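K.L.:
As input, take coords-v8.pdb (PDB, C-alpha atoms):
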```
ATOM      1  CA  MET B1009     -29.945 -22.794 -51.110
ATOM      2  CA  ASN B1010     -26.896 -20.556 -51.067
ATOM      3  CA  ALA B1011     -26.962 -19.232 -54.589
ATOM      4  CA  THR B1012     -27.584 -15.536 -55.018
ATOM      5  CA  ILE B1013     -28.877 -13.608 -57.971
ATOM      6  CA  ASP B1014     -27.507 -10.362 -59.331
ATOM      7  CA  VAL B1015     -29.730  -7.332 -59.644
ATOM      8  CA  VAL B1016     -28.823  -3.757 -60.481
ATOM      9  CA  VAL B1017     -29.761  -1.314 -57.734
ATOM     10  CA  ASN B1018     -29.224   2.381 -58.441
ATOM     11  CA  GLY B1019     -26.852   1.501 -61.241
ATOM     12  CA  GLU B1020     -24.702  -0.936 -59.249
ATOM     13  CA  SER B1021     -24.776  -4.702 -59.379
ATOM     14  CA  ARG B1022     -25.756  -6.384 -56.124
ATOM     15  CA  ALA B1023     -26.051 -10.010 -55.125
ATOM     16  CA  VAL B1024     -29.320 -10.733 -53.355
ATOM     17  CA  ALA B1025     -30.984 -13.862 -52.052
ATOM     18  CA  PRO B1026     -33.414 -15.428 -54.497
ATOM     19  CA  GLY B1027     -37.083 -15.012 -53.756
ATOM     20  CA  GLN B1028     -36.692 -11.598 -52.138
ATOM     21  CA  THR B1029     -39.484  -9.123 -52.601
ATOM     22  CA  LEU B1030     -38.824  -5.439 -53.154
ATOM     23  CA  LEU B1031     -39.873  -4.848 -49.564
ATOM     24  CA  ASP B1032     -37.320  -7.454 -48.405
ATOM     25  CA  LEU B1033     -34.671  -5.708 -50.484
ATOM     26  CA  LEU B1034     -35.411  -2.347 -48.865
ATOM     27  CA  GLY B1035     -35.100  -4.010 -45.483
ATOM     28  CA  THR B1036     -31.772  -5.572 -46.429
ATOM     29  CA  LEU B1037     -30.505  -2.151 -47.465
ATOM     30  CA  GLY B1038     -31.716  -0.561 -44.252
ATOM     31  CA  LEU B1039     -34.224   1.684 -46.021
ATOM     32  CA  ASP B1040     -37.639   2.759 -44.816
ATOM     33  CA  ALA B1041     -40.258   2.075 -47.479
ATOM     34  CA  ARG B1042     -42.130   5.207 -46.393
ATOM     35  CA  THR B1043     -39.326   7.514 -47.483
ATOM     36  CA  VAL B1044     -38.244   5.817 -50.708
ATOM     37  CA  VAL B1045     -39.893   5.530 -54.099
ATOM     38  CA  VAL B1046     -39.146   2.311 -55.949
ATOM     39  CA  GLU B1047     -38.884   1.870 -59.696
ATOM     40  CA  HIS B1048     -38.642  -1.739 -60.882
ATOM     41  CA  ASN B1049     -37.618  -2.297 -64.497
ATOM     42  CA  ARG B1050     -38.848   1.211 -65.300
ATOM     43  CA  HIS B1051     -42.202   0.716 -63.606
ATOM     44  CA  ILE B1052     -43.031   2.501 -60.387
ATOM     45  CA  VAL B1053     -44.113   0.075 -57.688
ATOM     46  CA  ARG B1054     -46.492   1.648 -55.208
ATOM     47  CA  ARG B1055     -45.796   1.072 -51.559
ATOM     48  CA  PRO B1056     -48.554  -1.453 -50.840
ATOM     49  CA  ALA B1057     -47.326  -3.592 -53.775
ATOM     50  CA  LEU B1058     -43.693  -3.764 -52.677
ATOM     51  CA  ARG B1059     -44.356  -7.006 -50.829
ATOM     52  CA  ASP B1060     -45.928  -8.554 -53.927
ATOM     53  CA  VAL B1061     -43.052  -8.082 -56.360
ATOM     54  CA  THR B1062     -40.254 -10.654 -56.300
ATOM     55  CA  VAL B1063     -36.927  -9.593 -57.745
ATOM     56  CA  ALA B1064     -35.380 -11.667 -60.519
ATOM     57  CA  ALA B1065     -31.857 -11.873 -61.892
ATOM     58  CA  GLY B1066     -30.984  -8.888 -64.054
ATOM     59  CA  ASP B1067     -33.745  -6.654 -62.701
ATOM     60  CA  ALA B1068     -33.017  -2.930 -62.683
ATOM     61  CA  ILE B1069     -34.197  -1.262 -59.512
ATOM     62  CA  GLU B1070     -34.054   2.436 -58.741
ATOM     63  CA  LEU B1071     -34.520   3.717 -55.220
ATOM     64  CA  VAL B1072     -35.035   7.476 -55.047
ATOM     65  CA  HIS B1073     -35.963  10.081 -52.497
ATOM     66  CA  PHE B1074     -36.142  13.860 -52.106
ATOM     67  CA  VAL B1075     -32.932  15.812 -51.667
ATOM     68  CA  GLY B1076     -32.178  19.518 -51.545
ATOM     69  CA  GLY B1077     -32.672  21.274 -54.838
ATOM     70  CA  GLY B1078     -34.001  24.347 -56.552
TER      71      GLY B1078
ATOM     72  CA  MET O 846     -47.165  57.278 -31.197
ATOM     73  CA  THR O 847     -48.277  55.008 -33.953
ATOM     74  CA  THR O 848     -50.468  55.768 -36.882
ATOM     75  CA  ALA O 849     -52.763  53.236 -38.452
ATOM     76  CA  VAL O 850     -51.572  52.543 -41.973
ATOM     77  CA  GLU O 851     -54.016  51.493 -44.627
ATOM     78  CA  THR O 852     -52.192  48.597 -46.208
ATOM     79  CA  ILE O 853     -52.787  47.672 -49.792
ATOM     80  CA  ARG O 854     -55.130  44.766 -50.298
ATOM     81  CA  ASP O 855     -53.707  42.074 -52.537
ATOM     82  CA  THR O 856     -55.521  39.331 -54.367
ATOM     83  CA  PRO O 857     -54.799  35.784 -53.185
ATOM     84  CA  PHE O 858     -51.883  33.968 -54.757
ATOM     85  CA  THR O 859     -53.382  30.774 -56.124
ATOM     86  CA  ILE O 860     -51.652  28.103 -58.180
ATOM     87  CA  GLY O 861     -53.332  24.906 -59.313
ATOM     88  CA  GLY O 862     -56.191  25.467 -56.894
ATOM     89  CA  ARG O 863     -53.962  26.033 -53.857
ATOM     90  CA  THR O 864     -53.756  29.442 -52.234
ATOM     91  CA  PHE O 865     -50.627  30.736 -50.535
ATOM     92  CA  GLN O 866     -49.807  33.791 -48.452
ATOM     93  CA  SER O 867     -46.191  34.191 -49.522
ATOM     94  CA  ARG O 868     -45.243  35.045 -53.084
ATOM     95  CA  LEU O 869     -41.702  33.889 -52.476
ATOM     96  CA  MET O 870     -40.803  30.246 -53.108
ATOM     97  CA  VAL O 871     -37.414  28.922 -52.148
ATOM     98  CA  GLY O 872     -35.184  26.025 -53.065
ATOM     99  CA  THR O 873     -33.339  23.733 -50.685
ATOM    100  CA  GLY O 874     -30.109  23.123 -52.612
ATOM    101  CA  LYS O 875     -26.545  24.186 -51.893
ATOM    102  CA  TYR O 876     -26.906  25.055 -48.206
ATOM    103  CA  ARG O 877     -23.859  24.410 -46.062
ATOM    104  CA  ASP O 878     -25.978  22.551 -43.517
ATOM    105  CA  HIS O 879     -29.576  21.687 -42.785
ATOM    106  CA  GLU O 880     -29.810  24.024 -39.817
ATOM    107  CA  THR O 881     -28.874  27.067 -41.887
ATOM    108  CA  MET O 882     -31.339  25.969 -44.552
ATOM    109  CA  MET O 883     -34.197  25.636 -42.098
ATOM    110  CA  HIS O 884     -33.511  29.045 -40.531
ATOM    111  CA  ALA O 885     -33.259  30.622 -43.966
ATOM    112  CA  ILE O 886     -36.558  29.111 -45.121
ATOM    113  CA  GLU O 887     -38.182  30.335 -41.941
ATOM    114  CA  ALA O 888     -36.780  33.842 -42.455
ATOM    115  CA  SER O 889     -37.954  33.893 -46.073
ATOM    116  CA  GLY O 890     -41.548  33.295 -45.052
ATOM    117  CA  ALA O 891     -41.888  30.891 -47.981
ATOM    118  CA  GLU O 892     -44.559  28.212 -47.902
ATOM    119  CA  ILE O 893     -43.626  26.514 -51.163
ATOM    120  CA  VAL O 894     -40.255  24.789 -50.990
ATOM    121  CA  THR O 895     -38.641  22.966 -53.881
ATOM    122  CA  VAL O 896     -36.893  19.602 -53.684
ATOM    123  CA  ALA O 897     -35.119  17.353 -56.184
ATOM    124  CA  VAL O 898     -35.486  13.625 -56.875
ATOM    125  CA  ARG O 899     -32.254  11.653 -56.663
ATOM    126  CA  ARG O 900     -31.026   8.132 -56.032
ATOM    127  CA  VAL O 901     -30.726   7.090 -52.421
ATOM    128  CA  ASN O 902     -27.029   6.775 -51.585
ATOM    129  CA  LEU O 903     -26.738   3.114 -50.650
ATOM    130  CA  ASP O 904     -23.199   3.381 -49.324
ATOM    131  CA  ARG O 905     -24.191   5.716 -46.551
ATOM    132  CA  THR O 906     -26.595   3.917 -44.312
ATOM    133  CA  ASN O 907     -29.291   6.066 -42.782
ATOM    134  CA  GLU O 908     -28.538   8.873 -45.145
ATOM    135  CA  GLU O 909     -31.060  11.502 -44.338
ATOM    136  CA  SER O 910     -33.756  12.396 -46.769
ATOM    137  CA  ILE O 911     -34.473  16.100 -46.737
ATOM    138  CA  LEU O 912     -37.813  15.175 -45.204
ATOM    139  CA  HIS O 913     -36.043  14.608 -41.915
ATOM    140  CA  HIS O 914     -35.699  18.379 -41.789
ATOM    141  CA  LEU O 915     -38.567  19.754 -43.819
ATOM    142  CA  ASP O 916     -41.948  19.048 -42.317
ATOM    143  CA  PRO O 917     -44.280  18.257 -45.228
ATOM    144  CA  LYS O 918     -47.213  19.359 -43.091
ATOM    145  CA  ARG O 919     -45.737  22.816 -42.688
ATOM    146  CA  TYR O 920     -44.253  23.335 -46.145
ATOM    147  CA  PHE O 921     -45.715  22.628 -49.549
ATOM    148  CA  LEU O 922     -43.124  20.431 -51.248
ATOM    149  CA  LEU O 923     -42.667  21.239 -54.909
ATOM    150  CA  ALA O 924     -40.590  18.551 -56.601
ATOM    151  CA  ASN O 925     -38.527  19.567 -59.601
ATOM    152  CA  THR O 926     -37.154  17.708 -62.589
ATOM    153  CA  ALA O 927     -33.810  19.497 -62.398
ATOM    154  CA  GLY O 928     -31.010  17.832 -64.311
ATOM    155  CA  CYS O 929     -33.310  16.353 -66.954
ATOM    156  CA  TYR O 930     -32.321  16.919 -70.577
ATOM    157  CA  SER O 931     -35.239  15.271 -72.356
ATOM    158  CA  ALA O 932     -39.003  15.165 -72.082
ATOM    159  CA  ASP O 933     -38.960  11.434 -71.318
ATOM    160  CA  GLU O 934     -36.456  11.867 -68.513
ATOM    161  CA  ALA O 935     -38.412  14.746 -66.975
ATOM    162  CA  ILE O 936     -41.650  12.746 -67.173
ATOM    163  CA  ARG O 937     -39.963   9.831 -65.414
ATOM    164  CA  TYR O 938     -38.724  12.085 -62.590
ATOM    165  CA  ALA O 939     -42.117  13.753 -62.235
ATOM    166  CA  ARG O 940     -43.857  10.393 -61.870
ATOM    167  CA  LEU O 941     -41.355   9.284 -59.241
ATOM    168  CA  ALA O 942     -41.845  12.551 -57.367
ATOM    169  CA  ARG O 943     -45.615  12.194 -57.347
ATOM    170  CA  GLU O 944     -45.283   8.677 -56.000
ATOM    171  CA  ALA O 945     -43.608  10.102 -52.909
ATOM    172  CA  GLY O 946     -47.166  10.996 -52.059
ATOM    173  CA  PHE O 947     -47.254  14.674 -51.152
ATOM    174  CA  ASN O 948     -48.994  16.348 -54.079
ATOM    175  CA  ASP O 949     -49.340  16.281 -57.848
ATOM    176  CA  PHE O 950     -47.461  19.524 -58.471
ATOM    177  CA  VAL O 951     -44.200  19.463 -60.356
ATOM    178  CA  LYS O 952     -41.728  22.168 -61.267
ATOM    179  CA  LEU O 953     -40.955  20.983 -64.762
ATOM    180  CA  GLU O 954     -37.464  21.593 -66.071
ATOM    181  CA  VAL O 955     -36.205  20.255 -69.378
ATOM    182  CA  ILE O 956     -32.745  21.656 -69.857
ATOM    183  CA  GLY O 957     -31.309  22.147 -73.327
ATOM    184  CA  ASP O 958     -27.713  23.148 -72.723
ATOM    185  CA  GLN O 959     -25.178  22.308 -70.037
ATOM    186  CA  GLU O 960     -23.319  25.605 -70.018
ATOM    187  CA  THR O 961     -26.289  27.938 -69.718
ATOM    188  CA  LEU O 962     -28.860  25.489 -68.292
ATOM    189  CA  LEU O 963     -31.375  27.235 -70.531
ATOM    190  CA  PRO O 964     -34.674  25.420 -71.069
ATOM    191  CA  ASP O 965     -35.401  23.275 -74.131
ATOM    192  CA  ALA O 966     -38.733  24.717 -75.271
ATOM    193  CA  ALA O 967     -39.671  21.755 -77.482
ATOM    194  CA  GLY O 968     -38.905  19.171 -74.809
ATOM    195  CA  LEU O 969     -40.648  21.290 -72.202
ATOM    196  CA  LEU O 970     -43.859  21.489 -74.220
ATOM    197  CA  GLU O 971     -43.822  17.775 -74.945
ATOM    198  CA  ALA O 972     -43.323  16.875 -71.279
ATOM    199  CA  ALA O 973     -45.899  19.442 -70.132
ATOM    200  CA  ARG O 974     -48.588  18.017 -72.431
ATOM    201  CA  THR O 975     -47.998  14.480 -71.198
ATOM    202  CA  LEU O 976     -47.888  15.414 -67.529
ATOM    203  CA  VAL O 977     -50.997  17.594 -67.718
ATOM    204  CA  LYS O 978     -52.842  14.625 -69.274
ATOM    205  CA  GLU O 979     -51.689  12.523 -66.329
ATOM    206  CA  GLY O 980     -53.211  14.997 -63.902
ATOM    207  CA  PHE O 981     -50.096  16.844 -62.820
ATOM    208  CA  LYS O 982     -50.179  20.509 -61.898
ATOM    209  CA  VAL O 983     -47.268  21.606 -64.032
ATOM    210  CA  LEU O 984     -45.217  24.695 -63.185
ATOM    211  CA  ALA O 985     -43.011  25.069 -66.221
ATOM    212  CA  TYR O 986     -39.554  26.616 -65.997
ATOM    213  CA  THR O 987     -39.092  28.394 -69.309
ATOM    214  CA  ASN O 988     -37.283  31.058 -71.272
ATOM    215  CA  GLU O 989     -38.577  34.619 -71.161
ATOM    216  CA  ASP O 990     -40.173  33.985 -74.546
ATOM    217  CA  LEU O 991     -43.822  34.952 -74.948
ATOM    218  CA  ILE O 992     -44.698  32.335 -77.556
ATOM    219  CA  THR O 993     -43.317  29.460 -75.512
ATOM    220  CA  ALA O 994     -45.142  30.812 -72.473
ATOM    221  CA  LEU O 995     -48.418  30.978 -74.438
ATOM    222  CA  ARG O 996     -47.969  27.410 -75.683
ATOM    223  CA  LEU O 997     -47.297  26.214 -72.148
ATOM    224  CA  GLU O 998     -50.479  27.877 -70.967
ATOM    225  CA  GLU O 999     -52.418  26.288 -73.839
ATOM    226  CA  ALA O1000     -50.922  22.936 -72.846
ATOM    227  CA  GLY O1001     -52.623  23.311 -69.491
ATOM    228  CA  CYS O1002     -49.750  24.324 -67.225
ATOM    229  CA  ALA O1003     -50.799  25.564 -63.793
ATOM    230  CA  ALA O1004     -48.124  28.251 -63.866
ATOM    231  CA  VAL O1005     -45.445  29.471 -66.227
ATOM    232  CA  MET O1006     -42.039  30.281 -64.787
ATOM    233  CA  PRO O1007     -39.860  32.447 -66.995
ATOM    234  CA  LEU O1008     -36.286  32.953 -65.901
ATOM    235  CA  ALA O1009     -34.863  36.276 -64.764
ATOM    236  CA  SER O1010     -31.423  35.091 -65.915
ATOM    237  CA  PRO O1011     -29.667  31.698 -66.007
ATOM    238  CA  ILE O1012     -29.940  29.345 -63.028
ATOM    239  CA  GLY O1013     -27.432  30.182 -60.319
ATOM    240  CA  SER O1014     -26.098  33.223 -62.191
ATOM    241  CA  GLY O1015     -27.384  35.927 -59.862
ATOM    242  CA  LEU O1016     -27.510  38.345 -62.800
ATOM    243  CA  GLY O1017     -30.953  39.611 -61.883
ATOM    244  CA  LEU O1018     -33.828  40.432 -64.228
ATOM    245  CA  LEU O1019     -32.191  40.770 -67.645
ATOM    246  CA  ASN O1020     -35.339  41.250 -69.688
ATOM    247  CA  PRO O1021     -38.081  43.072 -67.775
ATOM    248  CA  PHE O1022     -39.956  43.859 -70.985
ATOM    249  CA  SER O1023     -40.347  40.169 -71.913
ATOM    250  CA  VAL O1024     -41.380  39.146 -68.432
ATOM    251  CA  ARG O1025     -43.902  41.983 -68.284
ATOM    252  CA  THR O1026     -45.279  40.960 -71.670
ATOM    253  CA  ILE O1027     -45.655  37.345 -70.565
ATOM    254  CA  LYS O1028     -47.481  38.467 -67.437
ATOM    255  CA  ARG O1029     -49.782  40.717 -69.430
ATOM    256  CA  ARG O1030     -50.695  38.030 -71.943
ATOM    257  CA  LEU O1031     -51.093  34.966 -69.740
ATOM    258  CA  THR O1032     -54.010  34.088 -67.517
ATOM    259  CA  VAL O1033     -52.235  31.474 -65.390
ATOM    260  CA  PRO O1034     -49.834  32.701 -62.686
ATOM    261  CA  VAL O1035     -46.411  33.842 -63.838
ATOM    262  CA  VAL O1036     -43.645  33.095 -61.368
ATOM    263  CA  VAL O1037     -40.121  34.213 -62.180
ATOM    264  CA  ASP O1038     -37.712  31.382 -61.498
ATOM    265  CA  ALA O1039     -33.925  31.609 -61.423
ATOM    266  CA  GLY O1040     -31.386  34.377 -61.738
ATOM    267  CA  VAL O1041     -32.347  36.701 -58.912
ATOM    268  CA  GLY O1042     -29.157  37.700 -57.074
ATOM    269  CA  THR O1043     -30.115  40.055 -54.289
ATOM    270  CA  ALA O1044     -33.098  41.773 -52.703
ATOM    271  CA  SER O1045     -33.225  44.651 -55.212
ATOM    272  CA  ASP O1046     -33.499  42.067 -58.019
ATOM    273  CA  ALA O1047     -36.449  40.476 -56.229
ATOM    274  CA  CYS O1048     -38.051  43.889 -55.778
ATOM    275  CA  VAL O1049     -37.588  44.946 -59.417
ATOM    276  CA  THR O1050     -38.896  41.567 -60.584
ATOM    277  CA  MET O1051     -42.055  41.842 -58.482
ATOM    278  CA  GLU O1052     -42.541  45.418 -59.699
ATOM    279  CA  GLN O1053     -43.147  43.967 -63.171
ATOM    280  CA  GLY O1054     -46.407  42.582 -61.823
ATOM    281  CA  VAL O1055     -45.515  38.904 -61.811
ATOM    282  CA  ASP O1056     -47.264  36.688 -59.285
ATOM    283  CA  GLY O1057     -44.216  35.395 -57.467
ATOM    284  CA  ILE O1058     -40.543  34.484 -57.503
ATOM    285  CA  LEU O1059     -38.709  31.230 -56.959
ATOM    286  CA  MET O1060     -35.079  31.387 -55.905
ATOM    287  CA  ASN O1061     -32.427  29.197 -54.360
ATOM    288  CA  THR O1062     -28.805  30.199 -54.904
ATOM    289  CA  ALA O1063     -29.305  33.880 -54.055
ATOM    290  CA  ILE O1064     -30.162  32.828 -50.520
ATOM    291  CA  ALA O1065     -28.077  29.675 -50.124
ATOM    292  CA  ALA O1066     -24.885  31.253 -51.492
ATOM    293  CA  ALA O1067     -25.162  34.551 -49.601
ATOM    294  CA  ARG O1068     -22.565  35.125 -46.901
ATOM    295  CA  ASP O1069     -25.426  35.112 -44.400
ATOM    296  CA  PRO O1070     -28.231  33.019 -45.910
ATOM    297  CA  VAL O1071     -30.674  33.747 -43.078
ATOM    298  CA  GLY O1072     -30.139  37.491 -43.406
ATOM    299  CA  MET O1073     -30.521  37.322 -47.179
ATOM    300  CA  ALA O1074     -33.675  35.237 -46.870
ATOM    301  CA  HIS O1075     -35.184  37.973 -44.715
ATOM    302  CA  ALA O1076     -34.036  40.624 -47.203
ATOM    303  CA  MET O1077     -35.637  38.652 -50.044
ATOM    304  CA  ARG O1078     -38.894  38.471 -48.167
ATOM    305  CA  LEU O1079     -38.865  42.248 -47.788
ATOM    306  CA  GLY O1080     -37.780  42.727 -51.407
ATOM    307  CA  VAL O1081     -40.646  40.615 -52.702
ATOM    308  CA  GLU O1082     -43.139  42.382 -50.458
ATOM    309  CA  ALA O1083     -41.797  45.819 -51.375
ATOM    310  CA  GLY O1084     -41.886  45.039 -55.090
ATOM    311  CA  ARG O1085     -45.365  43.588 -54.933
ATOM    312  CA  THR O1086     -46.696  46.499 -52.931
ATOM    313  CA  ALA O1087     -45.051  49.011 -55.271
ATOM    314  CA  PHE O1088     -46.626  47.257 -58.243
ATOM    315  CA  LEU O1089     -50.061  47.412 -56.645
ATOM    316  CA  ALA O1090     -49.530  51.048 -55.638
ATOM    317  CA  GLY O1091     -48.681  51.944 -59.232
ATOM    318  CA  ARG O1092     -45.465  53.767 -59.971
ATOM    319  CA  MET O1093     -45.356  57.366 -61.242
ATOM    320  CA  PRO O1094     -44.802  57.863 -64.950
ATOM    321  CA  ARG O1095     -41.227  58.136 -66.163
ATOM    322  CA  ARG O1096     -40.341  61.594 -67.537
ATOM    323  CA  GLU O1097     -37.354  62.719 -69.499
ATOM    324  CA  VAL O1098     -37.435  66.178 -67.876
ATOM    325  CA  ALA O1099     -37.493  67.355 -64.297
ATOM    326  CA  VAL O1100     -40.720  68.448 -62.654
ATOM    327  CA  PRO O1101     -40.267  70.477 -59.482
ATOM    328  CA  SER O1102     -41.680  69.074 -56.274
ATOM    329  CA  SER O1103     -41.822  72.437 -54.511
ATOM    330  CA  PRO O1104     -44.142  75.351 -55.458
ATOM    331  CA  LEU O1105     -42.946  77.774 -58.119
ATOM    332  CA  GLU O1106     -45.001  80.526 -56.442
ATOM    333  CA  GLY O1107     -43.853  82.399 -53.402
ATOM    334  CA  MET O1108     -40.237  82.665 -54.399
ATOM    335  CA  LEU O1109     -38.386  85.777 -53.138
ATOM    336  CA  ASP O1110     -37.599  88.575 -55.572
TER     337      ASP O1110
END
```
Do you think you could lay out the structure here as C-alpha cells?
P.N.:
Amino acid sequence: MNATIDVVVNGESRAVAPGQTLLDLLGTLGLDARTVVVEHNRHIVRRPALRDVTVAAGDAIELVHFVGGG
Amino acid sequence: MTTAVETIRDTPFTIGGRTFQSRLMVGTGKYRDHETMMHAIEASGAEIVTVAVRRVNLDRTNEESILHHLDPKRYFLLANTAGCYSADEAIRYARLAREAGFNDFVKLEVIGDQETLLPDAAGLLEAARTLVKEGFKVLAYTNEDLITALRLEEAGCAAVMPLASPIGSGLGLLNPFSVRTIKRRLTVPVVVDAGVGTASDACVTMEQGVDGILMNTAIAAARDPVGMAHAMRLGVEAGRTAFLAGRMPRREVAVPSSPLEGMLD
C-alpha cells in the first residue's frame, strides 16, 4: 500500500505511512523519544505508551523539548 | 597572617521541600553560545537553572536540546511557561514540562501585555490553582503587588516571585517597599524574578530580605557573561549577608564617628 496519510506535526502538515505509531513517527523524524515530549490531539502521551498509539489522518501532534529560557 | 572570621549563619533556602545552597537562580536564554552559558552558570554558583518548553525544530536534524549541555543530575531544572498569555496555555506548557520527567516544579508565567511582559494576575491565579491541585510545585512570577502575592500563597504556590522591574529591562529594583512588604507578609519563599541589571541591583534586592533572585538577561547580555555571573554571585551573597547583619538606622543628620573629647584648644 503506497497511500500516505496527512498529519500535522508541530503545526506543519506531513505525509506519513499509515499504521505508524507515535514511536515510529519519532524514529522517522530522527528524534530520540527520551528527549522529546509528545502531545497527541492535545493529550500528552507518556513515553511507554508511544508504541501503542497509532496516528490517524488529521491528527495534531506536538513534539516539544527544553530550550534555553529564563 | 590570616584571621578566623566568624561568618554569619544563614537558614537553609528551601522551596517546595527542596533545599539549595545558592540563593541565585539563573536562566539559560539569550547566550551567544552554549559554552559561554555553561561557564556563566558555573561562575554564578546557581543550582536552579530555568529552561523553556518549545517545539522541536524538525527542519534541523539532530538539533540539540539544552539537555545536551546542562546535566540534569548536576542542576535542578526549573521549567517555565514563558510566552504564555492565558491560564490554559500556561497549564498546557507546565504539563508538557513535567512530562519531561525531571521534577514537578514549574516557574509559572502568565503574561498580560506584550510590550511590558507584565504578569496577568487573574490568569496567574487561575493557572496556579489548577496546577497546585495537579501536584505541581508552583513558583509564580508576579507583579510586586501584595494582594496578588497573598492570593498566590493562599492558592498553594511553593514560592512567589515578584519582579524587580520588567523582564529583560535591567532597570533594577524599582519598588523596594513593595517587595519588602511582600516578604514580610508571606510565609512561602519570596524570590525576586526579572529586572536585575547588575551586581549592585542584586545586592540591593537581597538586602530587602527576600529569599533569592532569579535572573537571565543581566548575565547573558553582559559584555562578559562569565564575569558578570561571578559578580552576581558576590552581589547576592553580599546583599544576603548585609540583610542578616542588619543595617544601621538611616539618619537625616550626621553623627560623628570620631570622639568629640580630646580635641585641641
K.L.:
Just the residues within 8 Å of stretch 908-925 of chain O, please, counting all atoms listed in the file, with nothing from its chain fewer than 3 positions along; format it as a PyMOL selection string.
P.N.:
(chain B and resi 1043+1073-1078) or (chain O and resi 879+883+892-898+901-902+905+939+942+947-948+950-954)
K.L.:
Take the selection from the previous step and output its residues with C-alpha atoms, as a tab-separated table (two decimals), in the coordinates of the input.
P.N.:
```
chain	number	residue	atom	x	y	z
B	1043	THR	CA	-39.33	7.51	-47.48
B	1073	HIS	CA	-35.96	10.08	-52.50
B	1074	PHE	CA	-36.14	13.86	-52.11
B	1075	VAL	CA	-32.93	15.81	-51.67
B	1076	GLY	CA	-32.18	19.52	-51.54
B	1077	GLY	CA	-32.67	21.27	-54.84
B	1078	GLY	CA	-34.00	24.35	-56.55
O	879	HIS	CA	-29.58	21.69	-42.78
O	883	MET	CA	-34.20	25.64	-42.10
O	892	GLU	CA	-44.56	28.21	-47.90
O	893	ILE	CA	-43.63	26.51	-51.16
O	894	VAL	CA	-40.26	24.79	-50.99
O	895	THR	CA	-38.64	22.97	-53.88
O	896	VAL	CA	-36.89	19.60	-53.68
O	897	ALA	CA	-35.12	17.35	-56.18
O	898	VAL	CA	-35.49	13.62	-56.88
O	901	VAL	CA	-30.73	7.09	-52.42
O	902	ASN	CA	-27.03	6.78	-51.58
O	905	ARG	CA	-24.19	5.72	-46.55
O	939	ALA	CA	-42.12	13.75	-62.24
O	942	ALA	CA	-41.84	12.55	-57.37
O	947	PHE	CA	-47.25	14.67	-51.15
O	948	ASN	CA	-48.99	16.35	-54.08
O	950	PHE	CA	-47.46	19.52	-58.47
O	951	VAL	CA	-44.20	19.46	-60.36
O	952	LYS	CA	-41.73	22.17	-61.27
O	953	LEU	CA	-40.96	20.98	-64.76
O	954	GLU	CA	-37.46	21.59	-66.07
```
K.L.:
Apply the PyMOL selection byres ((chain B and resi 1023) around 10) to the structure shown and report the selected residues as a compact mmCIF listing (two decimals) with C-alpha atoms, keeping the file's coordinate frame.
P.N.:
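Dumped everything to expr06.txt:
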```txt
# COMPACT_ATOMS: atom_id res chain seq x y z
CA ALA B 1011 -26.96 -19.23 -54.59
CA THR B 1012 -27.58 -15.54 -55.02
CA ILE B 1013 -28.88 -13.61 -57.97
CA ASP B 1014 -27.51 -10.36 -59.33
CA VAL B 1015 -29.73 -7.33 -59.64
CA VAL B 1016 -28.82 -3.76 -60.48
CA VAL B 1017 -29.76 -1.31 -57.73
CA SER B 1021 -24.78 -4.70 -59.38
CA ARG B 1022 -25.76 -6.38 -56.12
CA VAL B 1024 -29.32 -10.73 -53.36
CA ALA B 1025 -30.98 -13.86 -52.05
CA PRO B 1026 -33.41 -15.43 -54.50
CA ALA B 1065 -31.86 -11.87 -61.89
```
K.L.:
Extract, using only C-alpha atoms, all DNA, RNA and protein residues at most 9 Å from B:Leu1071, discarding same-chain residues fewer than 4 positions from it, and format them as an mmCIF file with C-alpha atoms, keeping the file's coordinate frame.
P.N.:
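Saved to result-v2.cif:
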```
data_model
loop_
_atom_site.group_PDB
_atom_site.id
_atom_site.type_symbol
_atom_site.label_atom_id
_atom_site.label_comp_id
_atom_site.auth_asym_id
_atom_site.auth_seq_id
_atom_site.Cartn_x
_atom_site.Cartn_y
_atom_site.Cartn_z
ATOM 1 C CA VAL B 1017 -29.761 -1.314 -57.734
ATOM 2 C CA ASN B 1018 -29.224 2.381 -58.441
ATOM 3 C CA LEU B 1034 -35.411 -2.347 -48.865
ATOM 4 C CA VAL B 1044 -38.244 5.817 -50.708
ATOM 5 C CA VAL B 1045 -39.893 5.530 -54.099
ATOM 6 C CA VAL B 1046 -39.146 2.311 -55.949
ATOM 7 C CA GLU B 1047 -38.884 1.870 -59.696
ATOM 8 C CA HIS B 1048 -38.642 -1.739 -60.882
ATOM 9 C CA ARG O 899 -32.254 11.653 -56.663
ATOM 10 C CA ARG O 900 -31.026 8.132 -56.032
ATOM 11 C CA VAL O 901 -30.726 7.090 -52.421
ATOM 12 C CA ASN O 902 -27.029 6.775 -51.585
#
```
K.L.:
Looking at O:Phe865, O:Phe858, O:Tyr930, O:Tyr938, which one is nearest to chain B, with distances taken over all atoms listed in the file?
P.N.:
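Among O:Phe865, O:Phe858, O:Tyr930, O:Tyr938, it is O:Tyr938 that comes nearest to chain B.
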K.L.:
Work out how far apart atom CA of O:Gly968 and atom CA of O:Val955 are and give it in Å to one decimal.
P.N.:
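According to the coordinates, atom CA of O:Gly968 and atom CA of O:Val955 are separated by 6.2 Å.
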K.L.:
To one decimal in Å, tell me the separation between atom CA of O:Leu1018 and atom CA of O:Thr1050.
P.N.:
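The value is 6.3 Å.
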K.L.:
Which residues match the PyMOL selection byres ((chain O and resi 875) around 10) in the file above, as a list in words?
P.N.:
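Evaluating the PyMOL selection byres ((chain O and resi 875) around 10) on these coordinates yields Gly1076, Gly1077 and Gly1078 of chain B; Gly872, Thr873, Gly874, Tyr876, Arg877, Asp878, His879, Met882, Asn1061, Thr1062, Ile1064, Ala1065 and Ala1066 of chain O.
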K.L.:
Here is a test: counting only C-alpha atoms, which residue of O:Leu1089, O:Met870, O:Val1098, O:Ala932 is nearest to chain B?
P.N.:
O:Met870
K.L.:
Just the number, please: distance in Å from atom CA of O:Thr987 to atom CA of O:Ser1010, one decimal.
P.N.:
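Straight-line distance from atom CA of O:Thr987 to atom CA of O:Ser1010 works out to 10.7 Å.
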K.L.:
Could you tell me which residues the PyMOL selection byres ((chain O and resi 1008) around 12) grabs in this file, written as an MDAnalysis selection string?
P.N.:
chainID O and resid 954 961:964 985:991 994 1005:1007 1009:1021 1023:1024 1027 1035:1041 1050 1055 1057:1060
